Every structure is written in structure tokens, then in C-alpha cells.
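Reproduced below: input-v3.pdb, with PDB, C-alpha atoms.
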```pdb
ATOM      1  CA  MET A 176      10.094  -4.154  10.486
ATOM      2  CA  LEU A 177       8.630  -6.779   8.135
ATOM      3  CA  TYR A 178       5.977  -9.230   9.249
ATOM      4  CA  ASP A 179       5.024 -12.563   7.687
ATOM      5  CA  LYS A 180       1.911 -11.029   6.094
ATOM      6  CA  ASP A 181       4.077  -8.372   4.384
ATOM      7  CA  ILE A 182       6.379 -11.004   2.883
ATOM      8  CA  ARG A 183       4.076 -13.661   1.409
ATOM      9  CA  GLU A 184       2.536 -12.110  -1.701
ATOM     10  CA  PRO A 185       5.754 -10.425  -2.882
ATOM     11  CA  LEU A 186       7.594 -13.711  -2.209
ATOM     12  CA  PHE A 187       5.143 -15.607  -4.425
ATOM     13  CA  ASP A 188       5.828 -13.137  -7.237
ATOM     14  CA  TYR A 189       9.592 -13.431  -6.685
ATOM     15  CA  MET A 190       9.482 -17.233  -6.833
ATOM     16  CA  GLU A 191       7.288 -17.214  -9.921
ATOM     17  CA  GLU A 192       9.764 -14.905 -11.673
ATOM     18  CA  ARG A 193      12.651 -17.110 -10.600
ATOM     19  CA  TYR A 194      11.180 -20.542 -11.406
ATOM     20  CA  GLY A 195       8.436 -19.939 -13.958
ATOM     21  CA  LYS A 196       5.741 -22.558 -13.443
ATOM     22  CA  VAL A 197       4.999 -22.854  -9.728
ATOM     23  CA  ARG A 198       2.044 -23.673  -7.525
ATOM     24  CA  ILE A 199       1.941 -22.348  -3.992
ATOM     25  CA  ILE A 200       0.305 -24.240  -1.133
ATOM     26  CA  GLU A 201       0.249 -22.414   2.191
ATOM     27  CA  GLU A 202       0.281 -23.722   5.757
ATOM     28  CA  LYS A 203       0.713 -27.465   5.144
ATOM     29  CA  GLN A 204       1.118 -29.818   8.109
ATOM     30  CA  ILE A 205       4.314 -31.884   7.804
ATOM     31  CA  GLY A 206       5.259 -34.125  10.705
ATOM     32  CA  ARG A 207       5.094 -32.050  13.872
ATOM     33  CA  SER A 208       5.542 -28.762  12.016
ATOM     34  CA  ARG A 209       3.510 -26.592   9.699
ATOM     35  CA  ALA A 210       5.286 -25.587   6.499
ATOM     36  CA  ASP A 211       4.678 -21.917   5.765
ATOM     37  CA  ILE A 212       4.848 -22.509   2.014
ATOM     38  CA  VAL A 213       5.034 -25.590  -0.177
ATOM     39  CA  MET A 214       6.164 -24.591  -3.657
ATOM     40  CA  VAL A 215       5.372 -27.167  -6.328
ATOM     41  CA  LEU A 216       7.687 -27.237  -9.342
ATOM     42  CA  PRO A 217       7.404 -29.530 -12.388
ATOM     43  CA  GLY A 218      10.073 -31.891 -11.037
ATOM     44  CA  GLY A 219       9.940 -31.474  -7.290
ATOM     45  CA  ILE A 220       8.641 -29.759  -4.194
ATOM     46  CA  VAL A 221      10.344 -26.958  -2.272
ATOM     47  CA  GLY A 222       9.634 -26.117   1.368
ATOM     48  CA  ILE A 223       9.842 -22.477   2.419
ATOM     49  CA  GLU A 224      10.004 -21.348   6.042
ATOM     50  CA  ILE A 225       9.516 -17.631   6.721
ATOM     51  CA  LYS A 226      11.294 -16.031   9.668
ATOM     52  CA  SER A 227      10.178 -12.427   9.636
ATOM     53  CA  ASP A 228      11.770  -9.722  11.743
ATOM     54  CA  ALA A 229       9.119 -10.482  14.391
ATOM     55  CA  ASP A 230      10.022 -14.215  14.580
ATOM     56  CA  THR A 231      12.649 -16.086  16.567
ATOM     57  CA  TYR A 232      14.625 -19.238  15.830
ATOM     58  CA  ALA A 233      12.975 -21.064  18.760
ATOM     59  CA  ARG A 234      11.201 -23.761  16.672
ATOM     60  CA  LEU A 235      13.515 -23.768  13.661
ATOM     61  CA  ASP A 236      15.573 -26.818  14.675
ATOM     62  CA  ARG A 237      12.465 -29.036  14.747
ATOM     63  CA  GLN A 238      11.091 -27.403  11.583
ATOM     64  CA  VAL A 239      14.323 -28.097   9.685
ATOM     65  CA  LYS A 240      14.097 -31.808  10.595
ATOM     66  CA  ASP A 241      10.491 -32.016   9.370
ATOM     67  CA  TYR A 242      11.078 -30.012   6.183
ATOM     68  CA  ASP A 243      14.076 -32.212   5.364
ATOM     69  CA  LEU A 244      11.906 -35.352   5.382
ATOM     70  CA  TYR A 245       9.225 -34.001   3.031
ATOM     71  CA  PHE A 246      10.820 -31.679   0.483
ATOM     72  CA  ASP A 247      13.354 -32.001  -2.326
ATOM     73  CA  ARG A 248      14.855 -28.608  -1.512
ATOM     74  CA  ASN A 249      14.276 -25.961   1.136
ATOM     75  CA  TYR A 250      14.588 -22.239   1.757
ATOM     76  CA  VAL A 251      14.451 -20.063   4.797
ATOM     77  CA  VAL A 252      13.265 -16.530   4.041
ATOM     78  CA  ILE A 253      14.581 -14.155   6.678
ATOM     79  CA  GLY A 254      13.954 -10.588   7.734
ATOM     80  CA  SER A 255      17.055  -8.426   7.794
ATOM     81  CA  THR A 256      17.301  -8.734  11.596
ATOM     82  CA  HIS A 257      18.184 -12.424  11.097
ATOM     83  CA  ALA A 258      20.639 -11.922   8.224
ATOM     84  CA  LEU A 259      23.839 -12.352  10.241
ATOM     85  CA  HIS A 260      22.893 -15.629  11.924
ATOM     86  CA  ALA A 261      20.553 -17.517   9.576
ATOM     87  CA  ALA A 262      23.306 -19.743   8.154
ATOM     88  CA  GLU A 263      24.041 -20.992  11.685
ATOM     89  CA  HIS A 264      20.486 -22.337  12.005
ATOM     90  CA  VAL A 265      19.929 -24.210   8.721
ATOM     91  CA  PRO A 266      21.997 -26.880   6.918
ATOM     92  CA  GLY A 267      24.319 -25.828   4.107
ATOM     93  CA  TYR A 268      22.017 -27.238   1.422
ATOM     94  CA  TRP A 269      19.166 -24.925   2.473
ATOM     95  CA  GLY A 270      18.767 -21.750   0.468
ATOM     96  CA  ILE A 271      18.644 -18.436   2.321
ATOM     97  CA  ILE A 272      16.710 -15.445   1.018
ATOM     98  CA  SER A 273      16.895 -12.109   2.825
ATOM     99  CA  VAL A 274      13.940  -9.729   2.658
ATOM    100  CA  GLU A 275      13.748  -6.037   3.560
ATOM    101  CA  TRP A 276      11.956  -2.809   2.753
ATOM    102  CA  LEU A 277      13.666  -0.915  -0.055
ATOM    103  CA  ASP A 278      12.183   2.169  -1.724
ATOM    104  CA  ASP A 279       8.760   1.489  -0.189
ATOM    105  CA  LYS A 280       8.542  -2.080  -1.458
ATOM    106  CA  VAL A 281       9.591  -5.538  -0.335
ATOM    107  CA  ASP A 282      12.950  -6.529  -1.826
ATOM    108  CA  PHE A 283      14.526  -9.998  -1.886
ATOM    109  CA  TYR A 284      18.189 -10.925  -1.983
ATOM    110  CA  MET A 285      19.478 -14.467  -2.584
ATOM    111  CA  VAL A 286      22.017 -14.982   0.208
ATOM    112  CA  ARG A 287      22.611 -18.657  -0.603
ATOM    113  CA  GLU A 288      21.215 -20.899  -3.350
ATOM    114  CA  GLU A 289      19.391 -24.053  -2.321
ATOM    115  CA  ALA A 290      20.755 -27.506  -3.193
ATOM    116  CA  ASP A 291      19.215 -30.977  -3.334
ATOM    117  CA  ASN A 292      18.141 -32.167   0.086
ATOM    118  CA  PRO A 293      19.955 -35.438   0.904
ATOM    119  CA  LYS A 294      17.461 -36.319   3.671
ATOM    120  CA  MET A 295      14.202 -36.269   1.695
ATOM    121  CA  ASP A 296      12.218 -39.457   2.343
ATOM    122  CA  MET A 297       9.852 -40.426  -0.489
ATOM    123  CA  ARG A 298       7.602 -42.264   1.989
ATOM    124  CA  ARG A 299       7.120 -38.957   3.795
ATOM    125  CA  LYS A 300       6.881 -36.811   0.675
ATOM    126  CA  ILE A 301       4.046 -38.886  -0.789
ATOM    127  CA  GLN A 302       2.002 -38.204   2.373
ATOM    128  CA  ILE A 303       1.283 -34.766   0.898
ATOM    129  CA  LEU A 304      -1.070 -36.410  -1.626
ATOM    130  CA  TRP A 305      -4.761 -37.050  -0.994
ATOM    131  CA  ARG A 306      -6.326 -40.494  -1.450
ATOM    132  CA  PRO A 307      -7.925 -39.686  -4.864
ATOM    133  CA  GLU A 308      -4.506 -38.481  -6.082
ATOM    134  CA  LEU A 309      -2.938 -41.748  -4.948
ATOM    135  CA  ALA A 310      -5.715 -43.648  -6.747
ATOM    136  CA  HIS A 311      -4.975 -41.713  -9.939
ATOM    137  CA  ILE A 312      -1.302 -42.721  -9.738
ATOM    138  CA  GLN A 313      -2.289 -46.358  -9.124
ATOM    139  CA  GLU A 314      -4.538 -46.259 -12.180
ATOM    140  CA  MET A 315      -1.897 -44.608 -14.380
ATOM    141  CA  TYR A 316       0.649 -47.294 -13.545
ATOM    142  CA  GLY A 317      -1.746 -50.246 -13.726
ATOM    143  CA  MET A 318      -1.588 -51.007 -10.016
ATOM    144  CA  PRO A 319      -4.312 -52.869  -8.093
ATOM    145  CA  LYS A 320      -6.862 -50.803  -6.155
ATOM    146  CA  TYR A 321      -5.934 -52.392  -2.813
ATOM    147  CA  ALA A 322      -9.548 -52.063  -1.656
ATOM    148  CA  GLY A 323      -9.872 -51.936   2.097
ATOM    149  CA  LYS A 324      -6.182 -51.197   2.616
ATOM    150  CA  SER A 325      -4.950 -48.146   4.508
ATOM    151  CA  LYS A 326      -3.590 -45.020   2.873
ATOM    152  CA  GLU A 327      -0.177 -45.845   4.318
ATOM    153  CA  PHE A 328      -0.258 -49.304   2.711
ATOM    154  CA  VAL A 329      -1.152 -47.766  -0.666
ATOM    155  CA  ARG A 330       1.541 -45.087  -0.376
ATOM    156  CA  ASN A 331       4.179 -47.705   0.422
ATOM    157  CA  LYS A 332       3.126 -49.863  -2.544
ATOM    158  CA  ILE A 333       3.377 -46.857  -4.862
ATOM    159  CA  VAL A 334       6.834 -45.945  -3.559
ATOM    160  CA  ASP A 335       7.996 -49.562  -3.897
ATOM    161  CA  ARG A 336       6.667 -50.044  -7.451
ATOM    162  CA  ILE A 337       7.244 -46.741  -9.246
ATOM    163  CA  PRO A 338      10.820 -45.560  -9.946
ATOM    164  CA  GLU A 339      11.663 -42.446  -7.945
ATOM    165  CA  GLU A 340      12.358 -40.198 -10.949
ATOM    166  CA  LEU A 341       8.880 -40.974 -12.356
ATOM    167  CA  LEU A 342       7.206 -40.627  -8.974
ATOM    168  CA  GLN A 343       8.870 -37.240  -8.381
ATOM    169  CA  LYS A 344       7.268 -35.878 -11.543
ATOM    170  CA  GLN A 345       3.932 -37.573 -10.871
ATOM    171  CA  ILE A 346       3.614 -36.118  -7.368
ATOM    172  CA  SER A 347       4.234 -32.639  -8.782
ATOM    173  CA  ASP A 348       1.703 -33.248 -11.568
ATOM    174  CA  GLU A 349      -0.952 -34.318  -9.044
ATOM    175  CA  LEU A 350      -0.338 -31.205  -6.930
ATOM    176  CA  PHE A 351      -0.509 -28.928  -9.985
ATOM    177  CA  GLU A 352      -3.896 -30.467 -10.849
ATOM    178  CA  ARG A 353      -5.290 -30.340  -7.292
ATOM    179  CA  ASP A 354      -8.573 -28.425  -7.206
ATOM    180  CA  TYR A 355      -9.410 -27.154  -3.733
ATOM    181  CA  THR A 356     -12.836 -25.958  -4.888
ATOM    182  CA  ARG A 357     -13.902 -29.508  -5.793
ATOM    183  CA  ILE A 358     -12.161 -31.626  -3.170
ATOM    184  CA  GLY A 359     -15.371 -32.526  -1.306
ATOM    185  CA  GLU A 360     -16.928 -33.828  -4.513
ATOM    186  CA  THR A 361     -13.709 -35.626  -5.502
ATOM    187  CA  ILE A 362     -13.449 -37.435  -2.163
ATOM    188  CA  TRP A 363     -17.161 -38.302  -2.209
ATOM    189  CA  ARG A 364     -16.830 -39.747  -5.732
ATOM    190  CA  TYR A 365     -13.712 -41.689  -4.707
ATOM    191  CA  LYS A 366     -15.490 -43.237  -1.704
ATOM    192  CA  LYS A 367     -18.691 -43.988  -3.600
ATOM    193  CA  LEU A 368     -17.114 -45.444  -6.712
ATOM    194  CA  GLY A 369     -14.016 -46.944  -5.128
ATOM    195  CA  ARG A 370     -11.859 -44.715  -7.383
TER     196      ARG A 370
END
```

Translate the structure described by the file into C-alpha cells.
Amino acid sequence: MLYDKDIREPLFDYMEERYGKVRIIEEKQIGRSRADIVMVLPGGIVGIEIKSDADTYARLDRQVKDYDLYFDRNYVVIGSTHALHAAEHVPGYWGIISVEWLDDKVDFYMVREEADNPKMDMRRKIQILWRPELAHIQEMYGMPKYAGKSKEFVRNKIVDRIPEELLQKQISDELFERDYTRIGETIWRYKKLGR
């Protein structure tokens, strides 16, 4: 029996081999769900939900709805006990990866390739960015600072003014550059200097 903790590190290696340049963000709140893994790629963001052999499908319906709003593509990674029924629980554009023990190591099998998510909402996706990252995008595209305005107001202005294909790449670039070791300093500097 495979547990979530057994799957994660080998899955990161598998995805890095498959996609090349990736950045992994774990346990990210999206809507009313928590995404197990957010995988940043140069041109988009992929949500990954893990359903180990110890998990059930109880929350998956709600998770699928939340993932679909935030991510360009999605995968469900399933333990072998879920292999027969996984496709019944996720839309056809979700990728399905099966995972099992094989020769004393974790082995992955691509059951179904992922496809572009038709339900992704850019106004939701941009919520993944922090305020200093939004400010950097505003600066890059010559936008006003919108001092005193809410984060939601700023996000909406960015989505309205920057073409989606450019914004897709820019969101990924910001997430690749995110430095968790310096976020306190970055936020302090943003608040003190107004950017």
C-alpha cells in the first residue's frame, strides 16, 4: 500500500524528467480546497491531486471544481487500488497517472495524458500571486500603482490590461522567481516603499 508521503518525492522526479524545467509548490489553498501540488511550467500551471491507496474519492468532486478554476491543466495521481475507477471521477481533460510499488521502488504509469483545461479562470489563477509579484507585473507593463486599492482590484486591472498569452507566461515567471526564504523582507519592502 502506497501513502501520500511515499509518492511525493518520486513524483517530483518523474515530473521533472517528463517536463524539464518545473517548480513544485506544495499544499496551496485554492478556493475551498488545498491543492496537493502546484507544478509551475514556463507557459502554465498544472494542478496535481494525489489519491493514494489510503485515500477515498469523498472530496474529489469539490476538488476538481476548484482545480479547474485555477490551473491550465490537471492530473490526478492514483494508487493502484483506484486504477479501475479514477476516470469516472475526473473530467476527460484531466490526466491520470497510476503509481505502484515495482521492484522495491515507486513506479509511475501514464494512464491518460492531460489536456488544456477549458474552465480555467484567469481571475482565479492570478490569485496565486503575492502582492509584490503583482506590483512587479504592473511595473513591467507600465501600469499605475493603484495605491490604496485592494489586491482584487489590482488583479482585475492586470487581467483586463495584459493579453492572456503574455500574462500566462508572466505568472509562471513570477512563480519561478518566488523566494520563500525572503518573502518577509519582500513584503516589508513592498509596504514600506509602496512597491

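For the structure in this document, the set picked by the PyMOL selection byres ((chain A and resi 270-286) around 6) is Tyr250, Val251, Val252, Ile253, Gly254, Ser255, Trp269, Arg287, Glu288 and Glu289 of chain A.
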
Problem set entry | Nearest to Lys240 in chain A by atom-to-atom distance, counting only C-alpha atoms, from A:Arg193, A:His264, A:Lys226, A:Arg357 | A:His264

Using all atoms listed in the file, what table do you get, as a Markdown table, when you list each residue of range 185-269 of chain A with an atom no more than 8 Å from range 300-318 of chain A, its nearest pair of atoms, and their distance in Å rounded to one decimal, rows by chain then rising number?
```
| residue | atom | partner | partner_atom | distance |
| --- | --- | --- | --- | --- |
| A:Leu244 | CA | A:Lys300 | CA | 7.0 |
| A:Tyr245 | CA | A:Lys300 | CA | 4.4 |
| A:Phe246 | CA | A:Lys300 | CA | 6.5 |
```

Suppose a student applies the PyMOL selection byres ((chain A and resi 180) around 12) to this structure; what residues should they get, written as a PDB file with C-alpha atoms, in the frame of the given file?
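Heads up, here's the output in part-v3.pdb:
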```pdb
ATOM      1  CA  MET A 176      10.094  -4.154  10.486  1.00  0.00           C
ATOM      2  CA  LEU A 177       8.630  -6.779   8.135  1.00  0.00           C
ATOM      3  CA  TYR A 178       5.977  -9.230   9.249  1.00  0.00           C
ATOM      4  CA  ASP A 179       5.024 -12.563   7.687  1.00  0.00           C
ATOM      5  CA  ASP A 181       4.077  -8.372   4.384  1.00  0.00           C
ATOM      6  CA  ILE A 182       6.379 -11.004   2.883  1.00  0.00           C
ATOM      7  CA  ARG A 183       4.076 -13.661   1.409  1.00  0.00           C
ATOM      8  CA  GLU A 184       2.536 -12.110  -1.701  1.00  0.00           C
ATOM      9  CA  PRO A 185       5.754 -10.425  -2.882  1.00  0.00           C
ATOM     10  CA  LEU A 186       7.594 -13.711  -2.209  1.00  0.00           C
ATOM     11  CA  PHE A 187       5.143 -15.607  -4.425  1.00  0.00           C
ATOM     12  CA  ASP A 211       4.678 -21.917   5.765  1.00  0.00           C
ATOM     13  CA  ILE A 225       9.516 -17.631   6.721  1.00  0.00           C
ATOM     14  CA  LYS A 226      11.294 -16.031   9.668  1.00  0.00           C
ATOM     15  CA  SER A 227      10.178 -12.427   9.636  1.00  0.00           C
ATOM     16  CA  ASP A 228      11.770  -9.722  11.743  1.00  0.00           C
ATOM     17  CA  ALA A 229       9.119 -10.482  14.391  1.00  0.00           C
ATOM     18  CA  VAL A 281       9.591  -5.538  -0.335  1.00  0.00           C
TER      19      VAL A 281
END
```

Problem set entry | Length of the CA of Gly206 in chain A to CA of Thr256 in chain A vector [Å] |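 Pair CA of Gly206 in chain A / CA of Thr256 in chain A returns 28.1 Å.
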
For this session: Between A:Glu224, A:Glu339, A:Glu352, A:Asp188, single out the one closest to Asn249 in chain A, counting only C-alpha atoms.
Result: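 Comparing A:Glu224, A:Glu339, A:Glu352, A:Asp188 against Asn249 in chain A, the winner is A:Glu224.
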
For this session: Provide the CA of Arg198 in chain A to CA of Ser325 in chain A distance in Å, to one decimal place.
Result: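 Taking CA of Arg198 in chain A as the start and CA of Ser325 in chain A as the end point, the length is 28.2 Å.
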